[in-house]
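Okay, structure first, notes after.
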Amino acid sequence: MAKPKVALYWCASCGGCDEAVVDLAENILDVVAAVDIILWPIAMDFKYKDIEAMEDGSIAVSFINGAIRTGEQKHIAELLRRKSGLVVAFGSCSSLGGIPALANLTSRRKIFDRSYHNSPTVVNPENIEPKMKASVDGHVLKLPEFFKTVYKLNDVIDVDYYLPGCPPTPELIANAVTAILEGKLPPKGAILSPDKSLCTSCDRNETKPEDVTISKIKRVIDIEVDPEKCFLAQGIICMGPATRDGCGQSCINGNMPCTGCFGPTDSCRDQGAKMIATLGAILEGDDENAVDKVIEGIVDPAGTFYRYAMSASLLGGARKEVENE
Ligand code: SF4
Ligand code: SF4
């Protein structure tokens, strides 16, 4: 019997999600034995035209990582949607916009200015910028459009399932592949990780006082972090209360606070807003000025609260092309 065909594709991505597949270690041999990988640009040389020639729906599942920043990424996502029975948004960038979507706080113009003109290491006296079309010696060269907005995958195509994480853990990936192969999938649209907050399973939860308060926000570089105690109880921002469980506490076990890469739980509309509300309830201060002083300790609010979920947030999600000149 023919093995199910599987595609792995990367969009605006760091490569870490593909690396996570390699991190399946010897389990990858089981995956390779069970499926027929027909596209995986980071690892093997497949051609788009071969995918275009396939029958619609003939790929069992496409795992797409990375956010959507360019016309080429959108085009291939649409192509894979057409050719695939299932599409899984793989990782935070694909599911929520991820780190690339922090660029939605600036504009394409400013990104180009920085990259091609103003950066101290750039020498560009003729002010050349990449163009979508250029003629060189009679040959036409084309580049994909660089969108004004960074999109999450389900902004451009219909997505069946979501694998959270930056990157997803090998265990989650293996579970998802097994569920797909055995046809034991939850209802369409599900996020393939437990729908509860990280705090509920965190080993340090018992050390979180009932009425935790923060009078000064600290960073891990400022203090010697107690490896047993809840980070919030130590005054360090930990995104655990606003973040989905399922990562295996890899950061917490490394004595680093959660930065929120698994995104929010199902009931939460905006991960950053939930964490801000959580902090709002526990920051100590008798008046507005005292609270303002505590807030000053948050060095990078956007990177702290929206590091992975900007495209899915109320702030960045509603942004349209025309709004981001
Ligand atoms: S989710 Fe994380 S590991 Fe995956 S592409 Fe984005 S930044 Fe890289
Ligand atoms: S805030 Fe962080 S350290 Fe504290 S219980 Fe939640 S996940 Fe654990």
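The way I read the labels, and the way they are meant: chains A, B, ... in the order of the structure tokens, residue 1 as the first residue of every chain, and ligand 1 as the first ligand shown, with later ones counted on from there.
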Step by step, measure atom-to-atom distances between ligand 2 and each residue using only C-alpha atoms and all ligand atoms, keep those at most 9 Å, then write them as a compact mmCIF listing (two decimals) with C-alpha atoms, in the first residue's frame.
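Listing of out-v3.txt after writing:
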```
# COMPACT_ATOMS: atom_id res chain seq x y z
CA SER A 197 -2.14 27.11 31.69
CA LEU A 198 1.49 26.21 32.28
CA CYS A 199 1.14 27.23 35.96
CA THR A 200 -1.25 24.31 36.54
CA SER A 201 1.50 21.76 35.88
CA CYS A 202 4.53 23.82 36.91
CA ASP A 203 6.68 22.23 39.61
CA ARG A 204 7.08 25.66 41.25
CA ASN A 205 3.36 26.36 41.55
CA GLU A 206 3.31 25.24 45.18
CA THR A 207 5.81 27.95 46.05
CA LYS A 208 3.57 30.69 44.62
CA GLU A 228 12.82 26.14 43.37
CA LYS A 229 10.63 29.22 43.76
CA CYS A 230 7.91 30.58 41.45
CA PHE A 231 9.41 33.30 39.25
CA LEU A 232 6.54 35.72 39.86
CA ALA A 233 7.08 35.34 43.61
CA ILE A 236 10.48 38.07 37.63
CA ILE A 237 7.88 38.18 34.86
CA CYS A 238 6.92 34.63 33.94
CA MET A 239 4.27 34.21 31.22
CA GLY A 240 3.07 30.92 32.75
CA PRO A 241 -0.35 32.21 33.87
CA ALA A 242 -1.17 33.30 30.28
CA THR A 243 0.48 30.41 28.43
CA GLN A 249 8.60 23.09 31.34
CA ILE A 252 11.45 26.53 33.93
CA MET A 256 14.44 30.58 33.11
CA PRO A 257 10.93 32.06 33.21
CA CYS A 258 8.33 31.12 30.61
```
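The set of residues in region 123-201 of chain A assigned to strand (DSSP E) by DSSP, using only backbone atoms of this structure, is Lys133, Ala134, Ser135, Val136, His139, Val140, Leu141, Lys142, Phe146, Phe147, Lys148, Thr149, Val150, Tyr151, Tyr161, Tyr162 and Leu163 of chain A.
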Just to be explicit: take each residue in the selection above, keep N, CA and C atoms, and write the result as a JSON list (two decimals), in the first residue's frame.
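Listing of result_20.json after writing:
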```
[["chain", "number", "residue", "atom", "x", "y", "z"],
["A", 133, "LYS", "N", 10.65, 43.25, -9.73],
["A", 133, "LYS", "CA", 11.01, 42.87, -11.09],
["A", 133, "LYS", "C", 12.18, 43.72, -11.53],
["A", 134, "ALA", "N", 13.22, 43.10, -12.10],
["A", 134, "ALA", "CA", 14.36, 43.87, -12.60],
["A", 134, "ALA", "C", 14.89, 43.17, -13.85],
["A", 135, "SER", "N", 15.41, 43.99, -14.80],
["A", 135, "SER", "CA", 15.99, 43.42, -16.01],
["A", 135, "SER", "C", 17.50, 43.53, -15.94],
["A", 136, "VAL", "N", 18.18, 42.44, -16.15],
["A", 136, "VAL", "CA", 19.64, 42.43, -16.15],
["A", 136, "VAL", "C", 20.10, 41.70, -17.41],
["A", 139, "HIS", "N", 17.66, 39.70, -19.19],
["A", 139, "HIS", "CA", 16.95, 38.68, -18.41],
["A", 139, "HIS", "C", 16.08, 39.35, -17.35],
["A", 140, "VAL", "N", 14.88, 38.86, -17.17],
["A", 140, "VAL", "CA", 13.99, 39.43, -16.15],
["A", 140, "VAL", "C", 14.13, 38.63, -14.86],
["A", 141, "LEU", "N", 14.47, 39.35, -13.78],
["A", 141, "LEU", "CA", 14.59, 38.70, -12.47],
["A", 141, "LEU", "C", 13.38, 39.09, -11.62],
["A", 142, "LYS", "N", 12.82, 38.14, -10.91],
["A", 142, "LYS", "CA", 11.64, 38.46, -10.09],
["A", 142, "LYS", "C", 11.90, 38.09, -8.64],
["A", 146, "PHE", "N", 7.26, 41.69, -0.64],
["A", 146, "PHE", "CA", 7.48, 41.72, 0.81],
["A", 146, "PHE", "C", 6.27, 42.44, 1.40],
["A", 147, "PHE", "N", 5.38, 41.69, 2.04],
["A", 147, "PHE", "CA", 4.12, 42.28, 2.51],
["A", 147, "PHE", "C", 4.37, 43.37, 3.56],
["A", 148, "LYS", "N", 3.38, 44.24, 3.70],
["A", 148, "LYS", "CA", 3.49, 45.28, 4.72],
["A", 148, "LYS", "C", 3.18, 44.74, 6.10],
["A", 149, "THR", "N", 2.54, 43.58, 6.15],
["A", 149, "THR", "CA", 2.10, 42.99, 7.42],
["A", 149, "THR", "C", 2.57, 41.54, 7.50],
["A", 150, "VAL", "N", 2.92, 41.10, 8.69],
["A", 150, "VAL", "CA", 3.24, 39.68, 8.90],
["A", 150, "VAL", "C", 1.96, 38.97, 9.35],
["A", 151, "TYR", "N", 1.61, 37.93, 8.61],
["A", 151, "TYR", "CA", 0.37, 37.21, 8.90],
["A", 151, "TYR", "C", 0.65, 35.86, 9.54],
["A", 161, "TYR", "N", -5.15, 22.00, 12.02],
["A", 161, "TYR", "CA", -4.66, 21.81, 13.39],
["A", 161, "TYR", "C", -3.45, 22.71, 13.65],
["A", 162, "TYR", "N", -3.18, 22.90, 14.93],
["A", 162, "TYR", "CA", -2.10, 23.79, 15.34],
["A", 162, "TYR", "C", -1.18, 23.05, 16.30],
["A", 163, "LEU", "N", 0.12, 23.11, 16.03],
["A", 163, "LEU", "CA", 1.12, 22.55, 16.95],
["A", 163, "LEU", "C", 1.87, 23.73, 17.55]]
```
Using only C-alpha atoms and all ligand atoms, which residues of the polymer chains come no farther than 9 Å from ligand 1? I'd like the answer as an mmCIF file with N, CA and C atoms, in the first residue's frame.
```cif
data_model
loop_
_atom_site.group_PDB
_atom_site.id
_atom_site.type_symbol
_atom_site.label_atom_id
_atom_site.label_comp_id
_atom_site.auth_asym_id
_atom_site.auth_seq_id
_atom_site.Cartn_x
_atom_site.Cartn_y
_atom_site.Cartn_z
ATOM 1 N N TRP A 10 8.670 25.712 5.073
ATOM 2 C CA TRP A 10 8.977 26.826 5.974
ATOM 3 C C TRP A 10 8.692 28.147 5.296
ATOM 4 N N CYS A 11 8.124 29.065 6.045
ATOM 5 C CA CYS A 11 7.816 30.405 5.519
ATOM 6 C C CYS A 11 8.763 31.391 6.205
ATOM 7 N N ALA A 12 8.248 32.456 6.864
ATOM 8 C CA ALA A 12 9.141 33.366 7.597
ATOM 9 C C ALA A 12 9.528 32.663 8.890
ATOM 10 N N SER A 13 10.676 32.034 8.872
ATOM 11 C CA SER A 13 11.030 31.060 9.907
ATOM 12 C C SER A 13 12.521 31.139 10.188
ATOM 13 N N CYS A 14 12.903 30.700 11.377
ATOM 14 C CA CYS A 14 14.333 30.704 11.718
ATOM 15 C C CYS A 14 14.990 29.365 11.403
ATOM 16 N N GLY A 15 14.191 28.374 11.037
ATOM 17 C CA GLY A 15 14.732 27.029 10.797
ATOM 18 C C GLY A 15 14.626 26.143 12.026
ATOM 19 N N GLY A 16 14.290 26.742 13.173
ATOM 20 C CA GLY A 16 14.220 25.966 14.416
ATOM 21 C C GLY A 16 13.129 24.908 14.385
ATOM 22 N N CYS A 17 12.028 25.208 13.674
ATOM 23 C CA CYS A 17 10.938 24.220 13.619
ATOM 24 C C CYS A 17 11.370 23.005 12.803
ATOM 25 N N ASP A 18 12.120 23.230 11.738
ATOM 26 C CA ASP A 18 12.644 22.088 10.966
ATOM 27 C C ASP A 18 13.657 21.312 11.802
ATOM 28 N N GLU A 19 14.440 22.062 12.565
ATOM 29 C CA GLU A 19 15.420 21.426 13.453
ATOM 30 C C GLU A 19 14.701 20.530 14.471
ATOM 31 N N ALA A 20 13.524 20.979 14.913
ATOM 32 C CA ALA A 20 12.755 20.190 15.895
ATOM 33 C C ALA A 20 12.347 18.845 15.303
ATOM 34 N N ASN A 65 5.599 25.660 8.811
ATOM 35 C CA ASN A 65 6.105 26.505 9.903
ATOM 36 C C ASN A 65 6.433 27.895 9.381
ATOM 37 N N GLY A 66 6.604 28.839 10.310
ATOM 38 C CA GLY A 66 6.947 30.207 9.925
ATOM 39 C C GLY A 66 5.712 31.045 9.635
ATOM 40 N N ALA A 67 5.884 32.354 9.785
ATOM 41 C CA ALA A 67 4.790 33.291 9.497
ATOM 42 C C ALA A 67 4.758 33.587 7.997
ATOM 43 N N PHE A 90 2.564 24.706 12.139
ATOM 44 C CA PHE A 90 3.614 24.083 12.956
ATOM 45 C C PHE A 90 4.423 25.183 13.637
ATOM 46 N N GLY A 91 4.277 25.307 14.950
ATOM 47 C CA GLY A 91 5.075 26.274 15.705
ATOM 48 C C GLY A 91 4.404 27.626 15.875
ATOM 49 N N SER A 92 4.990 28.445 16.757
ATOM 50 C CA SER A 92 4.387 29.734 17.128
ATOM 51 C C SER A 92 4.269 30.693 15.961
ATOM 52 N N CYS A 93 5.280 30.743 15.095
ATOM 53 C CA CYS A 93 5.244 31.732 14.002
ATOM 54 C C CYS A 93 4.066 31.448 13.082
ATOM 55 N N SER A 94 3.860 30.188 12.767
ATOM 56 C CA SER A 94 2.773 29.809 11.876
ATOM 57 C C SER A 94 1.417 29.960 12.580
ATOM 58 N N SER A 95 1.370 29.580 13.855
ATOM 59 C CA SER A 95 0.096 29.600 14.586
ATOM 60 C C SER A 95 -0.327 31.020 14.974
ATOM 61 N N LEU A 96 0.673 31.838 15.373
ATOM 62 C CA LEU A 96 0.334 33.115 16.022
ATOM 63 C C LEU A 96 1.087 34.332 15.457
ATOM 64 N N GLY A 97 1.969 34.112 14.518
ATOM 65 C CA GLY A 97 2.799 35.211 13.975
ATOM 66 C C GLY A 97 4.225 35.130 14.476
ATOM 67 N N GLY A 98 4.380 34.716 15.749
ATOM 68 C CA GLY A 98 5.711 34.494 16.311
ATOM 69 C C GLY A 98 6.604 35.738 16.312
ATOM 70 N N ILE A 99 7.873 35.505 16.436
ATOM 71 C CA ILE A 99 8.825 36.609 16.527
ATOM 72 C C ILE A 99 8.810 37.484 15.266
ATOM 73 N N PRO A 100 8.681 36.924 14.048
ATOM 74 C CA PRO A 100 8.635 37.805 12.869
ATOM 75 C C PRO A 100 7.527 38.854 12.960
ATOM 76 N N PRO A 164 1.640 24.041 18.831
ATOM 77 C CA PRO A 164 2.261 25.238 19.394
ATOM 78 C C PRO A 164 3.718 24.999 19.779
ATOM 79 N N GLY A 165 4.417 26.096 20.078
ATOM 80 C CA GLY A 165 5.786 25.993 20.592
ATOM 81 C C GLY A 165 6.796 26.657 19.693
ATOM 82 N N CYS A 166 7.882 27.044 20.283
ATOM 83 C CA CYS A 166 8.961 27.709 19.543
ATOM 84 C C CYS A 166 10.283 27.011 19.859
ATOM 85 N N PRO A 167 10.513 25.849 19.254
ATOM 86 C CA PRO A 167 9.607 25.108 18.373
ATOM 87 C C PRO A 167 8.746 24.129 19.180
ATOM 88 N N PRO A 168 7.802 23.422 18.523
ATOM 89 C CA PRO A 168 7.072 22.345 19.209
ATOM 90 C C PRO A 168 8.060 21.291 19.719
ATOM 91 N N CYS A 261 5.838 30.856 24.603
ATOM 92 C CA CYS A 261 5.857 30.388 23.203
ATOM 93 C C CYS A 261 4.711 29.446 22.847
ATOM 94 N N TYR A 308 5.372 36.097 20.912
ATOM 95 C CA TYR A 308 4.997 35.019 19.981
ATOM 96 C C TYR A 308 3.614 35.188 19.364
#
```
Next item on the list: Fewer than 5 positions away in the same chain doesn't count, so skip those; otherwise give me all residues within 10 Å of Lys293 (chain A), counting only C-alpha atoms, as number ranges by chain.
Entry: A: 215-217, 285, 288, 298
Would you write out those residues with N, CA and C atoms, as an mmCIF file, in the first residue's frame?
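again-v3.cif was written with the following content:
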```
data_model
loop_
_atom_site.group_PDB
_atom_site.id
_atom_site.type_symbol
_atom_site.label_atom_id
_atom_site.label_comp_id
_atom_site.auth_asym_id
_atom_site.auth_seq_id
_atom_site.Cartn_x
_atom_site.Cartn_y
_atom_site.Cartn_z
ATOM 1 N N SER A 215 6.661 44.250 44.153
ATOM 2 C CA SER A 215 6.933 45.670 44.420
ATOM 3 C C SER A 215 8.065 46.181 43.515
ATOM 4 N N LYS A 216 8.822 45.250 42.940
ATOM 5 C CA LYS A 216 9.889 45.647 42.012
ATOM 6 C C LYS A 216 10.057 44.528 40.986
ATOM 7 N N ILE A 217 10.025 44.898 39.712
ATOM 8 C CA ILE A 217 10.216 43.876 38.676
ATOM 9 C C ILE A 217 11.702 43.665 38.456
ATOM 10 N N GLY A 285 1.621 48.958 44.962
ATOM 11 C CA GLY A 285 1.826 50.401 44.902
ATOM 12 C C GLY A 285 0.612 51.100 45.456
ATOM 13 N N GLU A 288 -0.917 55.733 41.735
ATOM 14 C CA GLU A 288 -0.550 55.562 40.323
ATOM 15 C C GLU A 288 0.959 55.720 40.111
ATOM 16 N N ILE A 298 9.717 46.998 33.440
ATOM 17 C CA ILE A 298 9.468 46.133 32.264
ATOM 18 C C ILE A 298 10.224 46.750 31.091
#
```
